[in-house]
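Quick notes on the structure that follows.
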Amino acid sequence: MKSMDEMDKVLLTNLEKDARMSLKKLAQELSLKTSTLYHRLHKLSESKTIMNFSVIVNPEKIGIILFYLLTVELNLSDDSISRKLTENLAEQLSHDLKEVFFSAMGGNNTLHMVVSFFNTQHMEEFLHILSTNEYVKNTTKVKLSFIPKGMRMFDFNEEKLMELITEKNEEKKIEDELESKDLGNSEKLRTSSINIVSELRTEDRREDNDELIPL
């Protein structure tokens, strides 16, 4: 693919701000035909300039509270072959260890990663798995207190996410049952009140009939 032009850069900037914007609206804002915009998006996707579409999640809302910067020293020599091995290992770790949401090489035998966890036990399990890799020589960690930029969807395994979803669904189910029960009680109370009023009116009519003077 040819190098990006200014319109491609403007298009990417708009998508970063709101990737849910419709093609029609985006085309209007950029003064392009919808077909032209679609063609540009297709080319950017084909060239891997656009790698994926995702969402930005507030980590605290899904239980992620710990962030660490890890520096992983590898058992590899400092040469071009080792660099290629490091690249392959970095890709493998980033793919297999879902807690890793950013990784970068700092040298032929050094790997830097930003990782996130639900709790301390989760972190310890992760570090244990990392230490069992035959190419990992040493790992140092620095706790991060706040990430003002760079949050993205945390790709944890489906079991953990399903647990959170199930938990939320159970809470919603309980709320709905309580609400339904409250509505049922209110309806019963309303029906009971109507019956009481009806009985009182009947009694009043009877008393009125008893008080009538016969002609």
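Please note that chains go A, B, ... in the order of the structure tokens, that every chain numbers its residues from 1, and that ligands are numbered from 1 in the order shown.
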
Please, which residues in stretch 52-109 of chain A fall within 8 Å of stretch 125-135 of chain A when counting only C-alpha atoms, and what is the closest atom pair and distance in Å to one decimal for each, ordered by chain then residue number, as a tab-separated table?
```
residue	atom	partner	partner_atom	distance
A:Leu74	CA	A:Tyr135	CA	5.4
A:Asn75	CA	A:Tyr135	CA	5.1
A:Leu76	CA	A:Tyr135	CA	7.3
```

Selection to disk with C-alpha atoms, as a CSV table (one decimal), in the first residue's frame:
```
chain,number,residue,atom,x,y,z
A,74,LEU,CA,16.1,-13.2,29.3
A,75,ASN,CA,18.7,-15.9,29.2
A,76,LEU,CA,19.9,-14.9,25.7
```

Produce a table with one row for each residue of stretch 48-119 of chain A that has an atom at most 10 Å from any atom of stretch 136-143 of chain A, each row naming the nearest atom pair and its distance in Å at one decimal; use only C-alpha atoms; arrange rows by chain and rising residue number; format as a tab-separated table.
```
residue	atom	partner	partner_atom	distance
A:Leu66	CA	A:Lys143	CA	7.7
A:Phe67	CA	A:Lys143	CA	6.0
A:Tyr68	CA	A:Lys143	CA	4.5
A:Leu69	CA	A:Val142	CA	5.1
A:Leu70	CA	A:Lys141	CA	4.5
A:Thr71	CA	A:Thr140	CA	5.3
A:Val72	CA	A:Thr139	CA	4.6
A:Glu73	CA	A:Asn138	CA	5.1
A:Leu74	CA	A:Val136	CA	4.6
A:Asn75	CA	A:Lys137	CA	5.3
A:Leu76	CA	A:Lys137	CA	8.9
A:Leu89	CA	A:Val136	CA	9.8
A:Asn109	CA	A:Val136	CA	9.6
A:Thr110	CA	A:Val136	CA	9.6
A:Leu111	CA	A:Thr139	CA	9.5
A:His112	CA	A:Thr139	CA	9.7
A:Met113	CA	A:Lys141	CA	9.5
A:Val114	CA	A:Lys141	CA	9.6
A:Val115	CA	A:Lys143	CA	9.8
A:Ser116	CA	A:Lys143	CA	9.9
```

Determine which residues of stretch 5-173 of chain A receive a DSSP assignment of helix (DSSP H, G or I), computed from the backbone, and state them as a count of residues only.
82

Atom CA of A:Thr49 to atom CA of A:Gln28, straight-line distance in Å:
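Atom-to-atom, atom CA of A:Gln28 to atom CA of A:Thr49, that is 22.7 Å.
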
Quick one: pull the distance between atom CA of A:Asn14 and atom CA of A:Leu26, Å, one decimal.
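Here the two named atoms are 8.0 Å from each other.
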
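Here atom CA of A:Met51 and atom CA of A:Lys24 stand 21.9 Å from one another.
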
Would you write out, as a Markdown table, a table of all residues in stretch 53-76 of chain A that have an atom no more than 9 Å from an atom of stretch 119-124 of chain A, listing for each the closest atom pair and the distance in Å to one decimal, considering only C-alpha atoms and ordering rows by chain and rising residue number?
```
| residue | atom | partner | partner_atom | distance |
| --- | --- | --- | --- | --- |
| A:Gly63 | CA | A:Asn119 | CA | 8.5 |
| A:Ile64 | CA | A:Asn119 | CA | 7.5 |
| A:Ile65 | CA | A:Asn119 | CA | 6.8 |
| A:Leu66 | CA | A:Asn119 | CA | 6.5 |
```

With only C-alpha atoms as the atoms that count, which of A:Glu6, A:Leu23, A:Tyr38, A:Ala90 lies nearest to A:Gly106?
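Looking only at the distances to A:Gly106, the closest residue turns out to be A:Ala90.
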
So, with only C-alpha atoms as the atoms that count, which of A:Ser3, A:Asn88, A:Asn52, A:Thr34 lies closest to A:Leu15?
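Closest to A:Leu15 of all the choices is A:Asn52.
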